[in-house]
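Novice: Please see the structure below; I have some questions.
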Amino acid sequence: MSTAPAAKGPMDTTAAVPDWASPALERVLGRVAVTRTEVGDRFPLFADPGTGQWTTTGRGSWTGGFWAGLLWLRARYTGTGTDREDAIRFTDRLTHWVNADTATRGLIFWYGTALADTPEAATLRARAARACQDAYDPGLGLVPWGSAFGGPRLLARVDGVPGMVPLLASGDLQAARSHLRRHLELCVGEGRFCWSWRYETPAGWMPCDDPPPGWSRGRAWLRLAVADAAHRLGTDDLAEAMSHLPHQEQAVPPADAAHPEGPLDTSAAAITAAALLKLGHREQALALLDELVSTHVTADGRLLNGCYDLASGTATQHELIWGDFFLAYALAALTGLVDPHEA
């Protein structure tokens, strides 16, 4: 397994910003305003690549925080009261997920509130963090995947790590370290890639075949989790995490490496670009963002060719709300709108 380079210090904010970055950010955040009008009081999930019409959800599901985060990015960009009010409103609507039994609370509450600047959002984030800390299982060494979306509760899934690490670290560094370490041991230990594990008594951890080993977002989520941990956990923890992290190719990956001629997944590339900026790997991030903006972002700001779920054929070449969020976040970090260590 290739070893990723050690994390660097804070990103050089004096470095030249490529001339495509600011116009791209304007287009992507302009799309947020269009989406807000189209979805009304619902949460966008994925959009048809031809028509741009969104499939929505009423309660936000595991992706609700990305919509709230996008609204906060737009509010910061425009500075208008209307955009700020929308961000506040949708952030408040995440509240019902605080006590939900799911490790995706990391995705929902970290990325949904970390860019907010209101006392109410800070209080909501603190409530969610305490609930996640209470859900930590010391015997398993992690916060279980949970039962909120059906299926076995005692799972360890790689998409239950990003966001969860900083939430846990806000009140329990030991739990945060253990949650990250256990997922690293399971998902990429001993040269293997297995993104989901089920705990059974007395056998212990057993590998699951869904998502498959070639799943595009497995590596991306894990790299983001390490980036989240980089400035919150000790250096020993980071060194251990980086030693297990798979090498990142500078390309938009296929949705499943076992099907290299199949659909791509631009959302995995956007997640990776954001993580690389957090880790200080600016040139690698620029290569990914340049490819995304020049090839996969439409004139009206839609990031196409994201793949929700290849196995079921769900939204395989679509605009995905988390792809939009991480693209906007990475462009905002690149142009100085946000500090990549802020959220």
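Naming scheme: A, B, ... for chains in displayed order of the structure tokens; residues 1 onward per chain; ligands 1 onward as shown.
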Find the spatial neighbours of stretch 148-159 of chain A, counting only C-alpha atoms, within a cut-off of 9 Å - ignore same-chain residues fewer than 4 positions away - and output them as number ranges by chain.

Specialist: A: 61, 100-104, 106-107, 140, 142-144, 182-184, 186-187, 194-200, 205, 211, 217-219, 221-222, 225

Novice: Can those selected residues be exported to a file as a CSV table (one decimal), in the first residue's frame so that it contains N, CA and C atoms?

Specialist:
chain,number,residue,atom,x,y,z
A,61,SER,N,-32.6,13.3,5.6
A,61,SER,CA,-31.9,12.1,5.6
A,61,SER,C,-30.4,12.4,6.1
A,100,ALA,N,-31.2,10.6,16.9
A,100,ALA,CA,-31.3,9.5,16.0
A,100,ALA,C,-30.1,8.6,16.1
A,101,ASP,N,-30.4,7.3,16.1
A,101,ASP,CA,-29.4,6.3,16.2
A,101,ASP,C,-28.7,6.0,14.9
A,102,THR,N,-27.7,6.9,14.6
A,102,THR,CA,-27.0,6.8,13.4
A,102,THR,C,-25.6,7.6,13.5
A,103,ALA,N,-24.6,6.9,13.0
A,103,ALA,CA,-23.3,7.5,12.9
A,103,ALA,C,-23.2,8.6,11.9
A,104,THR,N,-24.2,8.7,11.0
A,104,THR,CA,-24.2,9.8,10.0
A,104,THR,C,-24.5,11.1,10.7
A,106,GLY,N,-22.5,12.6,12.3
A,106,GLY,CA,-21.2,13.3,12.0
A,106,GLY,C,-21.4,14.1,10.7
A,107,LEU,N,-21.9,13.5,9.6
A,107,LEU,CA,-22.1,14.2,8.4
A,107,LEU,C,-23.2,15.3,8.5
A,140,LEU,N,-16.7,-1.7,21.7
A,140,LEU,CA,-16.4,-1.8,20.3
A,140,LEU,C,-15.4,-0.8,19.8
A,142,LEU,N,-16.0,2.4,19.1
A,142,LEU,CA,-16.5,3.3,18.1
A,142,LEU,C,-18.0,3.7,18.4
A,143,VAL,N,-18.5,4.6,17.7
A,143,VAL,CA,-20.0,4.9,17.7
A,143,VAL,C,-20.5,4.0,16.6
A,144,PRO,N,-21.4,3.0,16.9
A,144,PRO,CA,-21.9,2.1,15.9
A,144,PRO,C,-22.7,2.9,14.8
A,182,ARG,N,-10.3,2.6,15.1
A,182,ARG,CA,-10.9,1.3,14.8
A,182,ARG,C,-11.4,1.2,13.4
A,183,HIS,N,-11.9,2.3,12.8
A,183,HIS,CA,-12.3,2.3,11.4
A,183,HIS,C,-11.1,2.1,10.5
A,184,LEU,N,-9.9,2.7,10.8
A,184,LEU,CA,-8.7,2.6,10.0
A,184,LEU,C,-8.3,1.1,10.1
A,186,LEU,N,-10.1,-1.5,10.6
A,186,LEU,CA,-11.0,-2.4,9.9
A,186,LEU,C,-11.0,-2.2,8.4
A,187,CYS,N,-11.0,-0.9,8.0
A,187,CYS,CA,-11.2,-0.6,6.6
A,187,CYS,C,-10.0,-0.7,5.7
A,194,CYS,N,-12.1,-2.7,2.9
A,194,CYS,CA,-13.5,-3.2,3.2
A,194,CYS,C,-14.1,-2.1,4.0
A,195,TRP,N,-15.2,-1.5,3.4
A,195,TRP,CA,-15.7,-0.2,3.9
A,195,TRP,C,-16.8,-0.4,4.9
A,196,SER,N,-17.3,-1.7,5.2
A,196,SER,CA,-18.3,-1.9,6.1
A,196,SER,C,-18.1,-3.3,6.8
A,197,TRP,N,-18.2,-3.3,8.2
A,197,TRP,CA,-18.0,-4.5,9.0
A,197,TRP,C,-19.2,-4.6,9.9
A,198,ARG,N,-19.6,-5.9,10.1
A,198,ARG,CA,-20.7,-6.2,11.1
A,198,ARG,C,-20.1,-6.9,12.3
A,199,TYR,N,-20.6,-6.5,13.5
A,199,TYR,CA,-20.1,-7.1,14.7
A,199,TYR,C,-21.0,-8.2,15.1
A,200,GLU,N,-20.5,-9.4,15.3
A,200,GLU,CA,-21.3,-10.6,15.7
A,200,GLU,C,-20.7,-11.2,16.9
A,205,TRP,N,-15.7,-8.9,14.5
A,205,TRP,CA,-16.0,-8.1,13.3
A,205,TRP,C,-15.9,-9.0,12.1
A,211,PRO,N,-20.7,-1.4,1.1
A,211,PRO,CA,-20.3,-1.1,-0.3
A,211,PRO,C,-19.1,-2.0,-0.7
A,217,ARG,N,-16.2,6.3,-2.9
A,217,ARG,CA,-16.2,7.2,-1.7
A,217,ARG,C,-15.6,6.6,-0.5
A,218,GLY,N,-15.2,5.3,-0.5
A,218,GLY,CA,-14.6,4.8,0.6
A,218,GLY,C,-13.3,5.5,0.9
A,219,ARG,N,-12.4,5.6,0.0
A,219,ARG,CA,-11.1,6.3,0.2
A,219,ARG,C,-11.4,7.8,0.5
A,221,TRP,N,-14.0,9.4,1.9
A,221,TRP,CA,-14.5,9.6,3.2
A,221,TRP,C,-13.4,9.4,4.2
A,222,LEU,N,-12.6,8.4,4.0
A,222,LEU,CA,-11.6,8.1,5.0
A,222,LEU,C,-10.5,9.2,5.0
A,225,ALA,N,-12.0,12.1,6.9
A,225,ALA,CA,-12.0,11.8,8.3
A,225,ALA,C,-10.6,12.1,8.9

Novice: I want to know what sits within 12 Å of A:Asp19, based on only C-alpha atoms, with residues of the same chain fewer than 6 positions away left out; could you give that as a CSV table (one decimal) with all heavy atoms, in the first residue's frame?

Specialist:
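Result file part-v4.csv:
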chain,number,residue,atom,x,y,z
A,25,LEU,N,-16.8,29.3,-8.3
A,25,LEU,CA,-17.5,29.5,-7.0
A,25,LEU,C,-18.8,30.3,-7.2
A,25,LEU,O,-19.8,29.9,-6.6
A,25,LEU,CB,-16.6,30.1,-5.9
A,25,LEU,CG,-17.2,30.3,-4.6
A,25,LEU,CD1,-17.6,29.0,-3.9
A,25,LEU,CD2,-16.3,31.1,-3.6
A,286,LEU,N,-5.7,21.3,-6.4
A,286,LEU,CA,-5.9,22.1,-7.6
A,286,LEU,C,-6.1,21.2,-8.8
A,286,LEU,O,-6.9,21.5,-9.6
A,286,LEU,CB,-4.7,23.0,-7.8
A,286,LEU,CG,-4.6,24.3,-7.0
A,286,LEU,CD1,-3.3,25.1,-7.2
A,286,LEU,CD2,-5.8,25.2,-7.4
A,290,ASP,N,-9.5,21.6,-10.8
A,290,ASP,CA,-9.4,22.0,-12.2
A,290,ASP,C,-10.1,21.1,-13.1
A,290,ASP,O,-10.9,21.5,-14.0
A,290,ASP,CB,-7.9,22.1,-12.6
A,290,ASP,CG,-7.7,22.8,-14.0
A,290,ASP,OD1,-8.7,23.4,-14.5
A,290,ASP,OD2,-6.6,22.7,-14.5
A,293,VAL,N,-14.0,21.4,-12.5
A,293,VAL,CA,-14.5,22.7,-13.0
A,293,VAL,C,-14.5,22.7,-14.5
A,293,VAL,O,-15.5,23.1,-15.2
A,293,VAL,CB,-13.8,23.9,-12.4
A,293,VAL,CG1,-14.2,25.2,-13.2
A,293,VAL,CG2,-14.1,24.0,-10.9
A,331,LEU,N,-13.7,25.2,-3.3
A,331,LEU,CA,-13.5,26.5,-4.0
A,331,LEU,C,-13.5,27.7,-3.0
A,331,LEU,O,-12.7,28.6,-3.2
A,331,LEU,CB,-14.6,26.7,-5.0
A,331,LEU,CG,-14.6,25.7,-6.2
A,331,LEU,CD1,-15.8,25.8,-7.1
A,331,LEU,CD2,-13.3,26.0,-7.1
A,334,LEU,N,-10.2,27.6,-1.4
A,334,LEU,CA,-9.1,28.0,-2.3
A,334,LEU,C,-9.1,29.5,-2.5
A,334,LEU,O,-8.1,30.2,-2.6
A,334,LEU,CB,-9.4,27.3,-3.6
A,334,LEU,CG,-8.3,27.4,-4.7
A,334,LEU,CD1,-7.0,26.8,-4.2
A,334,LEU,CD2,-8.8,26.7,-6.0
A,335,THR,N,-10.3,30.2,-2.5
A,335,THR,CA,-10.4,31.6,-2.8
A,335,THR,C,-10.4,32.4,-1.5
A,335,THR,O,-10.4,33.7,-1.6
A,335,THR,CB,-11.7,31.9,-3.5
A,335,THR,OG1,-12.8,31.4,-2.8
A,335,THR,CG2,-11.7,31.3,-4.9

Novice: Find the residues around A:Ala68 up to 7 Å (only C-alpha atoms counted), leave out those fewer than 2 positions away in its own chain, and share them as a count of residues only.

Specialist: 10

Novice: Let's see if you can do this: from backbone DSSP, list all strand (DSSP E) residues in stretch 20-114 of chain A, as a VMD selection string.

Specialist: chain A and resid 43 to 47 54 to 57

Novice: Convert the current residue selection to file output with N, CA, C and O atoms, as a PDB file, in the first residue's frame.

Specialist:
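In the end it all went to selection.pdb:
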ATOM      1  N   PHE A  43     -35.516  19.137   1.366  1.00  0.00           N
ATOM      2  CA  PHE A  43     -34.064  19.045   1.252  1.00  0.00           C
ATOM      3  C   PHE A  43     -33.705  18.389  -0.082  1.00  0.00           C
ATOM      4  O   PHE A  43     -34.205  17.301  -0.389  1.00  0.00           O
ATOM      5  N   PRO A  44     -32.819  18.999  -0.873  1.00  0.00           N
ATOM      6  CA  PRO A  44     -32.411  18.381  -2.136  1.00  0.00           C
ATOM      7  C   PRO A  44     -31.486  17.190  -1.886  1.00  0.00           C
ATOM      8  O   PRO A  44     -30.668  17.204  -0.976  1.00  0.00           O
ATOM      9  N   LEU A  45     -31.633  16.168  -2.718  1.00  0.00           N
ATOM     10  CA  LEU A  45     -30.827  14.953  -2.585  1.00  0.00           C
ATOM     11  C   LEU A  45     -29.972  14.738  -3.834  1.00  0.00           C
ATOM     12  O   LEU A  45     -28.736  14.741  -3.770  1.00  0.00           O
ATOM     13  N   PHE A  46     -30.605  14.550  -4.983  1.00  0.00           N
ATOM     14  CA  PHE A  46     -29.871  14.465  -6.249  1.00  0.00           C
ATOM     15  C   PHE A  46     -30.751  15.009  -7.362  1.00  0.00           C
ATOM     16  O   PHE A  46     -31.977  15.022  -7.253  1.00  0.00           O
ATOM     17  N   ALA A  47     -30.092  15.495  -8.434  1.00  0.00           N
ATOM     18  CA  ALA A  47     -30.808  16.156  -9.523  1.00  0.00           C
ATOM     19  C   ALA A  47     -30.513  15.477 -10.848  1.00  0.00           C
ATOM     20  O   ALA A  47     -29.384  15.055 -11.113  1.00  0.00           O
ATOM     21  N   TRP A  54     -34.688  18.285  -9.032  1.00  0.00           N
ATOM     22  CA  TRP A  54     -34.201  17.620  -7.820  1.00  0.00           C
ATOM     23  C   TRP A  54     -35.172  16.557  -7.335  1.00  0.00           C
ATOM     24  O   TRP A  54     -36.382  16.759  -7.327  1.00  0.00           O
ATOM     25  N   THR A  55     -34.618  15.442  -6.893  1.00  0.00           N
ATOM     26  CA  THR A  55     -35.318  14.507  -6.019  1.00  0.00           C
ATOM     27  C   THR A  55     -35.054  14.977  -4.599  1.00  0.00           C
ATOM     28  O   THR A  55     -33.903  15.260  -4.236  1.00  0.00           O
ATOM     29  N   THR A  56     -36.083  15.105  -3.789  1.00  0.00           N
ATOM     30  CA  THR A  56     -35.951  15.734  -2.478  1.00  0.00           C
ATOM     31  C   THR A  56     -36.398  14.796  -1.364  1.00  0.00           C
ATOM     32  O   THR A  56     -37.006  13.750  -1.601  1.00  0.00           O
ATOM     33  N   THR A  57     -36.113  15.213  -0.160  1.00  0.00           N
ATOM     34  CA  THR A  57     -36.546  14.488   1.032  1.00  0.00           C
ATOM     35  C   THR A  57     -37.077  15.496   2.042  1.00  0.00           C
ATOM     36  O   THR A  57     -36.557  16.615   2.146  1.00  0.00           O
TER      37      THR A  57
END

Novice: My list of candidates is A:Trp322, A:Ala343, A:Gly69, A:Val188. Which is closest to A:Leu167 when distances are computed with only C-alpha atoms?

Specialist: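 Ranking A:Trp322, A:Ala343, A:Gly69, A:Val188 by distance to A:Leu167, first place goes to A:Ala343.
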
Novice: Check the DSSP output for the backbone and give back, as a ChimeraX atom specification, the residues of stretch 173-226 of chain A in helix (DSSP H, G or I).

Specialist: /A:173-191,216-226

Novice: Give me the residues near stretch 95-99 of chain A as number ranges by chain, where near means some atom within 9 Å (using only C-alpha atoms) and where sequence neighbours in that chain fewer than 3 positions away do not count.

Specialist: A: 59, 61, 91-92, 102, 105, 108-109, 124-125, 127-129, 131-132

Novice: Produce a file of the selected residues containing C-alpha atoms, as a PDB file, in the first residue's frame.

Specialist:
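In the end it all went to out08.pdb:
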ATOM      1  CA  ARG A  59     -36.494  15.433   6.739  1.00  0.00           C
ATOM      2  CA  SER A  61     -31.879  12.102   5.606  1.00  0.00           C
ATOM      3  CA  THR A  91     -30.040  24.304  10.186  1.00  0.00           C
ATOM      4  CA  ASP A  92     -32.761  24.419  12.814  1.00  0.00           C
ATOM      5  CA  THR A 102     -26.971   6.832  13.377  1.00  0.00           C
ATOM      6  CA  ARG A 105     -24.867  12.423  12.642  1.00  0.00           C
ATOM      7  CA  ILE A 108     -25.344  15.920   9.379  1.00  0.00           C
ATOM      8  CA  PHE A 109     -24.210  18.093  12.265  1.00  0.00           C
ATOM      9  CA  LEU A 124     -27.229  22.470  18.267  1.00  0.00           C
ATOM     10  CA  ARG A 125     -23.751  21.230  17.398  1.00  0.00           C
ATOM     11  CA  ARG A 127     -26.132  18.860  21.694  1.00  0.00           C
ATOM     12  CA  ALA A 128     -25.338  16.574  18.776  1.00  0.00           C
ATOM     13  CA  ALA A 129     -21.780  16.114  20.002  1.00  0.00           C
ATOM     14  CA  ALA A 131     -25.462  12.624  21.945  1.00  0.00           C
ATOM     15  CA  CYS A 132     -22.697  11.093  19.820  1.00  0.00           C
TER      16      CYS A 132
END

Novice: Do you have the atom CA of A:Leu115-atom CA of A:Glu319 distance handy?

Specialist: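 Separating atom CA of A:Leu115 from atom CA of A:Glu319 is a distance of 22.3 Å.
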
Novice: Taking only C-alpha atoms into account, produce a table as JSON lines in which each residue of stretch 214-308 of chain A with an atom at most 9 Å from an atom of stretch 169-178 of chain A appears once, together with its shortest atom pair and the distance in Å to one decimal, ordered by chain and rising number.

Specialist:
{"residue": "A:Ala229", "atom": "CA", "partner": "A:Ala176", "partner_atom": "CA", "distance": 8.4}
{"residue": "A:Arg232", "atom": "CA", "partner": "A:Ala169", "partner_atom": "CA", "distance": 6.9}
{"residue": "A:Leu233", "atom": "CA", "partner": "A:Arg177", "partner_atom": "CA", "distance": 7.1}
{"residue": "A:Gly234", "atom": "CA", "partner": "A:Arg177", "partner_atom": "CA", "distance": 8.9}
{"residue": "A:Asp237", "atom": "CA", "partner": "A:Arg177", "partner_atom": "CA", "distance": 7.0}

Novice: Of the candidates A:Pro260, A:Gly336, A:Pro23, A:Pro49, which one gets nearest to A:Leu303 if we count only C-alpha atoms?

Specialist: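 Going through A:Pro260, A:Gly336, A:Pro23, A:Pro49 one by one, the smallest distance to A:Leu303 is for A:Pro49.
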
Novice: Please indicate the distance in Å from atom CA of A:Thr113 to atom CA of A:Ala333, rounded to one decimal place.

Specialist: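 Result for atom CA of A:Thr113 versus atom CA of A:Ala333: 16.5 Å, one decimal.
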
Novice: Quote the spacing between atom CA of A:His179 and atom CA of A:Trp110 in Å to one decimal place.

Specialist: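 Spanning atom CA of A:His179 to atom CA of A:Trp110 is a straight-line distance of 15.6 Å.
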
Novice: Measuring atom to atom with only C-alpha atoms, identify which of A:Leu29, A:Ile271, A:Leu264, A:Val338 is nearest to A:Ala285.

Specialist: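 Residue with the minimum atom-to-atom distance to A:Ala285: A:Ile271.
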